[in-house]
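Here's upload_35.txt, which has compact mmCIF, C-alpha atoms:
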# COMPACT_ATOMS: atom_id res chain seq x y z
CA MET A 2 5.56 -3.57 29.16
CA ASP A 3 2.58 -1.24 29.22
CA HIS A 4 -0.61 -3.29 29.64
CA ALA A 5 -2.88 -0.41 30.66
CA ALA A 6 -6.56 -1.21 30.30
CA ASP A 7 -7.23 1.90 28.24
CA ILE A 8 -4.96 0.86 25.36
CA PRO A 9 -7.26 0.08 22.43
CA ASP A 10 -6.66 -2.79 20.02
CA VAL A 11 -5.36 -1.62 16.63
CA PHE A 12 -4.12 -5.06 15.54
CA ASP A 13 -7.28 -7.05 14.80
CA PRO A 14 -7.82 -6.87 11.00
CA ARG A 15 -11.58 -7.03 11.51
CA VAL A 16 -11.50 -3.60 13.19
CA TYR A 17 -10.51 -2.06 9.85
CA ALA A 18 -13.55 -3.45 8.02
CA ALA A 19 -15.57 -0.67 9.69
CA GLY A 20 -13.06 2.04 8.75
CA VAL A 21 -9.67 3.25 9.85
CA PRO A 22 -9.94 3.44 13.68
CA HIS A 23 -9.02 7.12 13.98
CA GLU A 24 -10.47 7.54 17.47
CA ARG A 25 -8.36 4.62 18.73
CA TYR A 26 -5.32 6.11 17.03
CA ARG A 27 -6.00 9.50 18.64
CA LEU A 28 -6.20 7.94 22.08
CA LEU A 29 -2.89 6.17 21.49
CA ARG A 30 -1.19 9.31 20.18
CA ASP A 31 -2.36 11.32 23.19
CA ARG A 32 -1.72 8.80 25.97
CA HIS A 33 0.41 5.93 24.66
CA PRO A 34 2.40 7.01 21.58
CA VAL A 35 4.34 3.74 21.78
CA ALA A 36 1.89 1.11 23.03
CA TRP A 37 2.19 -2.63 23.49
CA GLN A 38 -0.31 -4.60 21.38
CA PRO A 39 -1.05 -8.29 21.99
CA GLU A 40 -1.31 -10.61 18.98
CA PRO A 41 -4.04 -13.15 19.70
CA GLU A 42 -5.05 -15.92 17.33
CA ILE A 43 -7.56 -14.58 14.81
CA ALA A 44 -9.46 -16.51 12.15
CA GLY A 45 -7.08 -19.45 12.33
CA TRP A 46 -3.93 -17.35 12.08
CA PRO A 47 -1.70 -18.25 15.02
CA ALA A 48 -1.03 -15.97 17.97
CA GLY A 49 2.19 -13.97 18.07
CA PRO A 50 4.35 -12.39 20.74
CA GLY A 51 2.93 -8.86 20.43
CA PHE A 52 4.47 -5.63 19.20
CA TRP A 53 4.97 -1.94 19.91
CA ALA A 54 2.53 0.29 17.97
CA VAL A 55 4.01 3.70 17.05
CA THR A 56 1.30 6.26 16.34
CA ARG A 57 2.78 9.79 16.42
CA HIS A 58 4.25 11.31 13.28
CA ALA A 59 7.63 11.98 14.88
CA GLY A 60 7.92 8.42 16.15
CA VAL A 61 6.93 6.92 12.80
CA VAL A 62 9.50 9.03 10.94
CA ARG A 63 12.19 8.16 13.50
CA VAL A 64 11.58 4.44 13.10
CA LEU A 65 11.47 4.56 9.31
CA ARG A 66 14.69 6.58 9.04
CA ASP A 67 16.80 4.71 11.61
CA HIS A 68 17.52 1.39 9.91
CA ARG A 69 20.33 0.55 12.34
CA THR A 70 17.95 0.47 15.30
CA TYR A 71 14.83 -0.65 13.45
CA SER A 72 15.67 -3.40 10.98
CA SER A 73 13.65 -4.60 8.00
CA TRP A 74 15.95 -7.63 7.63
CA LEU A 75 15.77 -9.18 11.09
CA GLY A 76 12.11 -10.22 10.98
CA ALA A 77 10.89 -8.88 7.60
CA THR A 78 8.19 -6.20 7.42
CA GLN A 79 4.80 -7.83 8.13
CA ILE A 80 3.31 -7.77 11.63
CA ARG A 81 2.90 -11.53 11.76
CA ASP A 82 6.18 -13.36 12.24
CA PRO A 83 7.10 -15.38 9.17
CA ASP A 84 7.82 -19.07 9.41
CA PRO A 85 11.54 -19.23 10.32
CA ALA A 86 12.06 -21.49 7.32
CA ASP A 87 10.69 -18.74 5.04
CA LEU A 88 12.76 -15.90 6.47
CA PRO A 89 15.89 -16.41 4.30
CA PHE A 90 13.64 -16.41 1.25
CA LEU A 91 11.81 -13.24 2.33
CA ARG A 92 15.12 -11.47 2.89
CA ARG A 93 15.86 -11.67 -0.83
CA THR A 94 13.45 -8.83 -1.55
CA MET A 95 14.54 -5.21 -1.27
CA LEU A 96 11.58 -4.53 1.03
CA ASN A 97 13.07 -6.82 3.68
CA GLN A 98 16.68 -5.63 3.52
CA ASP A 99 18.69 -2.96 5.30
CA PRO A 100 21.41 -0.72 3.88
CA PRO A 101 23.92 -1.24 2.37
CA GLU A 102 22.49 -4.36 0.67
CA HIS A 103 19.15 -2.61 0.21
CA GLY A 104 20.84 0.31 -1.54
CA ARG A 105 22.50 -1.89 -4.16
CA LEU A 106 19.19 -3.42 -5.23
CA ARG A 107 17.33 -0.13 -5.02
CA ARG A 108 19.84 1.56 -7.33
CA LEU A 109 19.43 -1.25 -9.87
CA VAL A 110 15.65 -1.03 -9.99
CA ALA A 111 15.69 2.79 -9.84
CA ARG A 112 17.51 2.78 -13.19
CA ALA A 113 14.59 0.81 -14.61
CA PHE A 114 11.93 2.94 -12.90
CA THR A 115 13.08 6.38 -14.07
CA PRO A 116 10.70 9.37 -13.98
CA ALA A 117 11.23 9.79 -17.74
CA ARG A 118 10.10 6.22 -18.44
CA VAL A 119 7.09 6.69 -16.15
CA ASP A 120 6.13 10.05 -17.68
CA ALA A 121 6.24 8.53 -21.17
CA PHE A 122 3.15 6.52 -20.21
CA ALA A 123 1.07 9.58 -19.23
CA GLY A 124 -0.85 9.72 -22.52
CA ARG A 125 -1.75 6.04 -22.32
CA VAL A 126 -2.79 6.42 -18.67
CA ARG A 127 -5.06 9.36 -19.53
CA GLU A 128 -6.73 7.52 -22.40
CA ARG A 129 -7.34 4.55 -20.11
CA ALA A 130 -8.89 6.78 -17.42
CA ARG A 131 -11.23 8.37 -19.99
CA THR A 132 -12.24 5.02 -21.46
CA LEU A 133 -12.91 3.33 -18.13
CA LEU A 134 -14.90 6.27 -16.75
CA ALA A 135 -16.96 6.51 -19.94
CA THR A 136 -17.66 2.78 -19.87
CA ALA A 137 -18.70 2.96 -16.20
CA ARG A 138 -21.06 5.82 -17.04
CA ASP A 139 -22.49 4.17 -20.15
CA THR A 140 -23.12 0.78 -18.52
CA ALA A 141 -24.40 2.08 -15.18
CA GLU A 142 -27.53 0.66 -13.64
CA ASP A 143 -29.83 3.33 -12.24
CA GLY A 144 -27.05 5.88 -12.71
CA ALA A 145 -24.62 4.18 -10.32
CA ALA A 146 -21.60 1.91 -10.64
CA ASP A 147 -19.15 0.12 -8.40
CA LEU A 148 -16.01 2.11 -9.18
CA VAL A 149 -13.71 -0.60 -7.85
CA ARG A 150 -15.06 -3.23 -10.21
CA THR A 151 -15.59 -0.97 -13.23
CA VAL A 152 -12.68 1.47 -13.01
CA THR A 153 -10.01 1.45 -10.34
CA ASP A 154 -8.97 -2.22 -10.22
CA GLU A 155 -8.49 -2.36 -13.97
CA TYR A 156 -6.93 1.11 -14.12
CA ALA A 157 -4.22 0.23 -11.60
CA LEU A 158 -3.56 -3.19 -13.07
CA LEU A 159 -3.35 -2.20 -16.74
CA ASN A 160 -1.20 0.85 -16.07
CA LEU A 161 1.27 -1.30 -14.18
CA THR A 162 1.35 -4.03 -16.80
CA ASP A 163 2.00 -1.40 -19.48
CA LEU A 164 4.95 -0.08 -17.51
CA LEU A 165 6.32 -3.56 -16.80
CA GLY A 166 5.79 -4.71 -20.38
CA ILE A 167 3.52 -7.67 -19.62
CA PRO A 168 1.63 -9.13 -22.61
CA PRO A 169 -2.13 -8.45 -22.54
CA ALA A 170 -3.01 -12.15 -22.41
CA ASP A 171 -1.17 -12.53 -19.09
CA ARG A 172 -2.54 -9.53 -17.24
CA ALA A 173 -5.31 -11.26 -15.31
CA LEU A 174 -2.63 -13.35 -13.58
CA LEU A 175 -1.28 -10.25 -11.85
CA LEU A 176 -4.63 -9.36 -10.30
CA GLU A 177 -5.09 -12.96 -9.14
CA TRP A 178 -1.68 -12.96 -7.46
CA THR A 179 -2.27 -9.55 -5.89
CA VAL A 180 -5.62 -10.58 -4.40
CA ARG A 181 -4.05 -13.75 -2.99
CA VAL A 182 -1.17 -11.89 -1.32
CA ILE A 183 -2.91 -8.68 -0.22
CA GLY A 184 -6.41 -9.86 0.64
CA TYR A 185 -5.52 -12.97 2.58
CA GLN A 186 -7.02 -11.64 5.86
CA ASP A 187 -10.39 -10.94 4.23
CA PRO A 188 -12.71 -13.97 3.95
CA ASP A 189 -14.67 -12.27 1.15
CA ASP A 190 -11.74 -10.89 -0.86
CA ALA A 191 -9.38 -13.87 -0.97
CA PRO A 192 -9.79 -17.51 -1.89
CA ALA A 193 -9.80 -20.04 0.94
CA PRO A 194 -6.28 -20.22 2.38
CA LEU A 195 -4.13 -23.25 1.71
CA LEU A 196 -3.36 -25.13 4.90
CA GLY A 197 -0.06 -26.56 6.08
CA PRO A 198 0.47 -30.01 7.61
CA ASP A 199 -0.72 -28.75 11.02
CA ASP A 200 -3.92 -27.30 9.48
CA THR A 201 -2.80 -23.69 10.04
CA PRO A 202 -3.03 -21.30 7.07
CA LEU A 203 0.07 -20.97 4.90
CA ASN A 204 1.44 -17.45 4.55
CA PRO A 205 0.65 -16.36 0.96
CA ARG A 206 4.14 -14.84 0.81
CA SER A 207 5.84 -18.17 1.49
CA PRO A 208 7.91 -19.72 -1.30
CA ALA A 209 5.51 -22.66 -1.47
CA LEU A 210 2.74 -20.36 -2.73
CA LEU A 211 4.79 -18.10 -5.02
CA GLY A 212 6.27 -20.71 -7.36
CA GLU A 213 3.82 -19.94 -10.16
CA MET A 214 4.63 -16.22 -10.03
CA PHE A 215 8.38 -16.84 -9.98
CA ALA A 216 8.25 -19.25 -12.91
CA TYR A 217 6.37 -16.61 -14.87
CA ALA A 218 8.96 -13.95 -13.95
CA ARG A 219 11.80 -16.14 -15.26
CA GLU A 220 9.90 -16.88 -18.47
CA LEU A 221 9.06 -13.21 -19.05
CA ALA A 222 12.66 -12.10 -18.38
CA ALA A 223 13.95 -14.62 -20.93
CA HIS A 224 11.42 -13.31 -23.45
CA LYS A 225 12.50 -9.70 -22.81
CA ARG A 226 16.16 -10.54 -23.38
CA ASP A 227 15.23 -11.92 -26.80
CA HIS A 228 12.60 -9.25 -27.55
CA PRO A 229 13.59 -6.08 -25.61
CA GLY A 230 11.24 -3.15 -25.21
CA ASP A 231 11.21 0.20 -23.43
CA ASP A 232 9.72 -1.26 -20.27
CA VAL A 233 10.72 -2.06 -16.71
CA MET A 234 10.96 -5.84 -17.16
CA THR A 235 13.39 -5.42 -20.06
CA ALA A 236 15.52 -3.14 -17.90
CA LEU A 237 15.45 -5.62 -14.99
CA ALA A 238 16.12 -8.64 -17.21
CA THR A 239 19.31 -6.99 -18.47
CA ALA A 240 20.44 -5.43 -15.16
CA GLY A 241 22.67 -8.28 -13.98
CA LEU A 242 20.34 -9.49 -11.24
CA ASP A 243 20.66 -13.08 -10.14
CA PRO A 244 17.53 -15.21 -10.75
CA ALA A 245 16.31 -15.02 -7.15
CA GLU A 246 16.68 -11.21 -7.09
CA LEU A 247 14.78 -10.91 -10.38
CA GLU A 248 11.95 -13.10 -9.05
CA MET A 249 11.61 -11.05 -5.89
CA PHE A 250 11.65 -7.77 -7.80
CA PHE A 251 8.84 -9.07 -9.98
CA PHE A 252 6.90 -10.08 -6.86
CA LEU A 253 7.45 -6.68 -5.23
CA LEU A 254 6.55 -4.64 -8.32
CA THR A 255 3.54 -6.80 -9.15
CA VAL A 256 1.99 -6.70 -5.71
CA ALA A 257 3.13 -3.34 -4.30
CA GLY A 258 2.97 -1.57 -7.66
CA ASN A 259 -0.57 -2.71 -8.30
CA ASP A 260 -2.04 -2.38 -4.85
CA THR A 261 -0.77 1.13 -4.11
CA VAL A 262 -3.06 2.69 -6.72
CA ARG A 263 -5.67 -0.07 -6.38
CA SER A 264 -6.13 1.10 -2.76
CA ALA A 265 -5.48 4.83 -3.10
CA ALA A 266 -7.73 5.56 -6.10
CA PRO A 267 -11.06 4.43 -4.62
CA GLY A 268 -9.98 5.81 -1.24
CA GLY A 269 -9.48 9.23 -2.79
CA LEU A 270 -12.85 9.14 -4.55
CA LEU A 271 -14.53 8.09 -1.30
CA ALA A 272 -12.90 11.03 0.50
CA LEU A 273 -14.11 13.42 -2.23
CA ALA A 274 -17.64 12.01 -1.96
CA GLY A 275 -17.58 12.97 1.71
CA ALA A 276 -16.43 16.55 1.00
CA PRO A 277 -18.37 17.93 -1.99
CA ASP A 278 -17.26 21.52 -1.37
CA GLU A 279 -13.61 20.47 -1.54
CA TYR A 280 -14.34 18.51 -4.71
CA ARG A 281 -15.84 21.65 -6.29
CA ARG A 282 -12.64 23.56 -5.44
CA LEU A 283 -10.67 20.90 -7.28
CA ALA A 284 -13.02 20.78 -10.28
CA ALA A 285 -12.94 24.59 -10.56
CA GLY A 286 -9.15 24.66 -10.59
CA ASP A 287 -8.98 26.54 -7.28
CA VAL A 288 -6.40 24.11 -5.85
CA PRO A 289 -3.42 22.56 -7.65
CA VAL A 290 -4.24 18.95 -8.48
CA GLU A 291 -0.79 17.81 -7.30
CA ARG A 292 -1.52 19.27 -3.86
CA ALA A 293 -4.96 17.64 -3.86
CA VAL A 294 -3.40 14.25 -4.65
CA ASP A 295 -1.15 14.53 -1.62
CA GLU A 296 -4.03 15.48 0.66
CA LEU A 297 -6.10 12.54 -0.58
CA LEU A 298 -3.11 10.28 0.04
CA ARG A 299 -2.81 11.72 3.54
CA VAL A 300 -6.41 10.91 4.46
CA HIS A 301 -6.34 7.53 2.70
CA PRO A 302 -2.81 6.06 2.73
CA PRO A 303 -2.62 2.84 0.70
CA VAL A 304 -0.67 1.08 3.46
CA LEU A 305 -1.80 1.10 7.09
CA SER A 306 1.26 -0.34 8.79
CA PHE A 307 4.80 -1.61 8.38
CA ARG A 308 6.85 -3.63 10.81
CA ARG A 309 10.47 -3.29 11.87
CA THR A 310 12.43 -5.34 14.41
CA ALA A 311 14.51 -3.70 17.14
CA ALA A 312 18.21 -4.44 16.65
CA THR A 313 19.27 -3.16 20.09
CA ASP A 314 17.82 -2.42 23.51
CA HIS A 315 16.71 1.21 23.60
CA GLU A 316 13.96 3.57 24.71
CA LEU A 317 11.25 4.92 22.40
CA ALA A 318 8.84 7.56 23.75
CA GLY A 319 9.62 6.40 27.27
CA GLN A 320 9.04 2.70 26.58
CA PRO A 321 11.84 0.14 27.05
CA VAL A 322 12.15 -1.59 23.68
CA ARG A 323 14.28 -4.75 23.72
CA ALA A 324 16.34 -6.22 20.90
CA GLY A 325 14.08 -8.56 18.95
CA ASP A 326 10.85 -6.69 19.77
CA LYS A 327 8.56 -5.93 16.88
CA VAL A 328 7.99 -2.21 16.27
CA VAL A 329 5.07 -1.35 13.97
CA VAL A 330 4.50 2.11 12.50
CA LEU A 331 0.91 3.14 11.76
CA HIS A 332 0.89 5.45 8.74
CA ALA A 333 -2.76 6.45 8.95
CA SER A 334 -2.28 7.56 12.55
CA ALA A 335 0.85 9.58 11.77
CA ASN A 336 -1.06 11.31 8.95
CA HIS A 337 -3.67 12.49 11.47
CA ASP A 338 -1.25 13.64 14.17
CA GLU A 339 -2.52 16.98 15.50
CA ARG A 340 1.08 17.89 16.40
CA VAL A 341 1.86 18.12 12.68
CA PHE A 342 -1.44 18.63 10.81
CA THR A 343 -3.93 21.39 11.68
CA ASP A 344 -7.46 19.98 11.93
CA PRO A 345 -6.31 16.61 10.53
CA GLY A 346 -9.81 15.17 10.28
CA ARG A 347 -10.78 17.78 7.68
CA LEU A 348 -10.05 17.22 4.00
CA ASP A 349 -8.19 20.33 2.82
CA LEU A 350 -7.12 19.83 -0.80
CA GLY A 351 -4.94 22.93 -0.65
CA ARG A 352 -3.10 21.80 2.49
CA THR A 353 0.53 22.89 2.57
CA PRO A 354 2.93 21.83 3.86
CA ASN A 355 1.76 18.23 3.86
CA PRO A 356 4.48 15.93 5.22
CA HIS A 357 2.35 12.76 5.12
CA VAL A 358 4.05 9.39 5.36
CA SER A 359 1.75 7.53 2.98
CA PHE A 360 4.75 6.51 0.87
CA GLY A 361 6.94 5.88 3.89
CA ASP A 362 10.17 7.69 4.75
CA GLY A 363 13.85 6.93 5.01
CA PRO A 364 15.68 4.39 2.84
CA HIS A 365 12.51 2.44 2.02
CA VAL A 366 10.46 5.39 0.75
CA CYS A 367 8.21 4.07 -2.02
CA LEU A 368 10.10 3.70 -5.29
CA GLY A 369 6.87 3.88 -7.30
CA ALA A 370 5.55 7.08 -5.69
CA HIS A 371 6.03 9.11 -8.87
CA PHE A 372 4.07 6.58 -10.94
CA ALA A 373 1.33 6.37 -8.32
CA ARG A 374 0.96 10.16 -8.14
CA LEU A 375 0.80 10.41 -11.93
CA GLN A 376 -2.00 7.84 -12.12
CA LEU A 377 -3.98 9.44 -9.30
CA ARG A 378 -3.57 12.96 -10.72
CA ILE A 379 -4.82 11.88 -14.14
CA LEU A 380 -7.76 9.90 -12.74
CA TYR A 381 -8.96 12.86 -10.66
CA GLU A 382 -8.48 15.27 -13.59
CA GLU A 383 -10.52 13.05 -15.87
CA TRP A 384 -13.22 12.59 -13.25
CA CYS A 385 -13.51 16.36 -12.84
CA ALA A 386 -13.74 16.81 -16.61
CA ALA A 387 -16.46 14.26 -17.32
CA MET A 388 -18.20 13.01 -14.19
CA PRO A 389 -20.66 14.39 -11.62
CA VAL A 390 -19.78 15.40 -8.09
CA PRO A 391 -18.78 12.11 -6.40
CA GLU A 392 -21.76 10.86 -4.42
CA LEU A 393 -22.20 7.52 -2.71
CA ALA A 394 -24.94 5.34 -4.18
CA GLY A 395 -24.66 2.71 -1.46
CA PRO A 396 -22.37 1.68 1.37
CA PRO A 397 -18.71 1.11 0.48
CA LYS A 398 -17.01 -2.09 1.57
CA ARG A 399 -13.54 -2.12 3.08
CA LEU A 400 -10.88 -4.80 2.98
CA VAL A 401 -10.44 -6.78 6.19
CA SER A 402 -6.75 -6.03 6.70
CA ASN A 403 -4.43 -4.33 9.18
CA PHE A 404 -1.89 -3.86 6.36
CA ILE A 405 -3.61 -2.55 3.22
CA ASN A 406 -6.14 0.30 3.41
CA GLY A 407 -8.30 -1.29 0.74
CA ILE A 408 -11.74 -0.50 -0.63
CA THR A 409 -13.35 -3.54 -2.25
CA ARG A 410 -16.69 -1.95 -3.22
CA LEU A 411 -17.42 1.71 -3.96
CA PRO A 412 -20.89 2.46 -5.41
CA LEU A 413 -20.88 6.01 -6.80
CA ARG A 414 -23.32 8.00 -8.88
CA VAL A 415 -21.82 8.23 -12.38
CA SER A 416 -24.59 9.87 -14.42
CA GLY A 417 -25.60 13.48 -14.36
CA PRO A 418 -23.91 16.77 -15.24
CA ALA A 419 -20.18 17.06 -14.71
CA GLY A 420 -19.32 18.52 -11.36

Please lay out the structure from this file as structure tokens.
Amino acid sequence: MDHAADIPDVFDPRVYAAGVPHERYRLLRDRHPVAWQPEPEIAGWPAGPGFWAVTRHAGVVRVLRDHRTYSSWLGATQIRDPDPADLPFLRRTMLNQDPPEHGRLRRLVARAFTPARVDAFAGRVRERARTLLATARDTAEDGAADLVRTVTDEYALLNLTDLLGIPPADRALLLEWTVRVIGYQDPDDAPAPLLGPDDTPLNPRSPALLGEMFAYARELAAHKRDHPGDDVMTALATAGLDPAELEMFFFLLTVAGNDTVRSAAPGGLLALAGAPDEYRRLAAGDVPVERAVDELLRVHPPVLSFRRTAATDHELAGQPVRAGDKVVVLHASANHDERVFTDPGRLDLGRTPNPHVSFGDGPHVCLGAHFARLQLRILYEEWCAAMPVPELAGPPKRLVSNFINGITRLPLRVSGPAG
């Protein structure tokens, strides 16, 4: 395996607290497009065997499309190896399955997650964006507000709970569960981890820590069967899923569905704050907002990495990958690959074509991409209509994570003439 001294570390979650390590990614793309990364113990989380980091766009797409060589089922999809006792449980979710089993579940949930059902919520999403932005502006201190706390967290959460059909009184539970599962690497974002018998942290995705969420999913599904509505949980509750499949769908939709927009929305606003001339193009209608959404997703993908496990011995970009090796694709690196994107470090809201991989590729391409794009488009439209040019009013704070590209604090100027 390649242990060259000039291979930078892109595993340590603490690296990402300072920003996506684009210079490290560039070095890997240029010299080591498939590079071995050690997995030392960090912050009490045990050491692992290491993995191959795939940083070029072509390599990332190859891995994501070739499910026979790069399996989601063998070792699940997080960099850290799960407890072997948890692996059968984790394999129940569509995220951690390979075709053909993956396809059966995806088709079931796709019937619940139709574009028509999503589009029917556009008016409600727009009203929510207007209300949250107006409240942030009206309650600002010294003309500034933390957009994560005042707008984007609630925007993502309430839009998702509307689509799922979750009663208003229960909605805070979803944010609590999301923070526990997504922010577990960040000492400031997550509660203190629960420890196992050997005093090592328990994986927040383990069945021991998801019982409360699963019990709620069963209770909600029973309620929807008795009181159906035009929402995703009603569709899932009547889709013929077995109880374990229903629980895992609820987990996946709750966490992934919430955190995609929860990460992308402040990331997009932060990118616009760093490129005021591009923002003015958007506000003036000089670039299509749909194209701008994709460019903002390219520069700030919600997910930084996904893991696969090699099913066979093979070669990838000249490296000998063995069956059982972990292979991790780095979305943010692929989105900045100079071989695909001209001047990738520049925000170009009119960029076309824009084959970013922020929603993945292949059989696991994000099922909620349409809903995410709709929410982001409406938020940016409403910002342009009512808010000033995005301008930082203090330093942003990033999530400590090598998985989610999160922003946990985003102070922006919210008073002044619309941009």

Legend entry - Selection: 10 Å around Leu393 of chain A, only C-alpha atoms, excl. self and same-chain fewer than 5 positions, as an MDAnalysis selection string: chainID A and resid 145:147 270:271 274:275 411:415

Inset, instruction - Could you tell me which of A:Ala373, A:Met249, A:Val358, A:Ile167 comes closest to Ala265 of chain A if we count only C-alpha atoms? - result: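 Using only C-alpha atoms, Ala265 of chain A sits closest to A:Ala373.
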
Inset, instruction - Between atom CA of Arg352 of chain A and atom CA of Trp384 of chain A, measure the distance and give it in Å to one decimal. - result: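 We find that atom CA of Arg352 of chain A and atom CA of Trp384 of chain A lie 20.9 Å from each other.
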
Inset, instruction - For each of A:Trp178, A:Phe12, A:Phe307, A:Trp46, take the minimum atom-to-atom distance to Val64 of chain A, counting all atoms listed in the file, then give the residue where this is smallest. - result: A:Phe307

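Interatomic distance, atom CA of Leu221 of chain A against atom CA of Met234 of chain A: 7.8 Å.
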
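Between Phe342 of chain A and the residues A:Glu177, A:Glu296, A:Asp7, A:Asp362, the shortest atom-to-atom distance, using all atoms listed in the file, involves A:Glu296.
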
Inset, instruction - For Thr235 of chain A, list every protein, DNA or RNA residue within 7 Å, evaluated using all atoms listed in the file, and leave out those in the same chain fewer than 4 positions away; present the list as JSON, numbers by chain. - result: {"A": [222, 225, 226, 229, 230, 231, 239]}

Inset, instruction - Provide the atom CA of Tyr280 of chain A to atom CA of Val390 of chain A distance in Å, to one decimal place. - result: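 According to the coordinates, atom CA of Tyr280 of chain A and atom CA of Val390 of chain A are separated by 7.1 Å.
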
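Omitting Gln320 of chain A and its sequence neighbours fewer than 3 positions away, and counting all atoms listed in the file, the residues within 12 Å are A:Met2, A:Asp3, A:His4, A:His33, A:Pro34, A:Val35, A:Ala36, A:Trp37, A:Trp53, A:Ala54, A:Val55, A:Gly60, A:Asp314, A:His315, A:Glu316, A:Leu317, A:Arg323, A:Asp326, A:Val328.
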
Box centre and edge lengths (Å, one decimal), axis-aligned, segment 303-309 of chain A plus 6 Å each side, as JSON:
{"center_x": 3.9, "center_y": -0.4, "center_z": 6.3, "size_x": 25.1, "size_y": 18.5, "size_z": 23.2}

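Between Asp154 of chain A and the residues A:Asp87, A:Asp260, A:Asp227, A:Asp344, the shortest atom-to-atom distance, using all atoms listed in the file, involves A:Asp260.
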
Inset, instruction - Within 10 Å of Leu88 of chain A, counting all atoms listed in the file, which residues show up once you throw out same-chain ones fewer than 5 positions away? Write them as a PyMOL selection string, please. - result: chain A and resi 74-77+82-83+93+97+207-208

Inset, instruction - Mind checking which residues fall within 7 Å of Glu248 of chain A, counting all atoms listed in the file, ignoring those fewer than 3 positions away in the same chain, and posting them as a list of chain:residue names? - result: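 The filter keeps A:Phe215, A:Ala218, A:Arg219, A:Pro244, A:Ala245, A:Phe251, A:Phe252.
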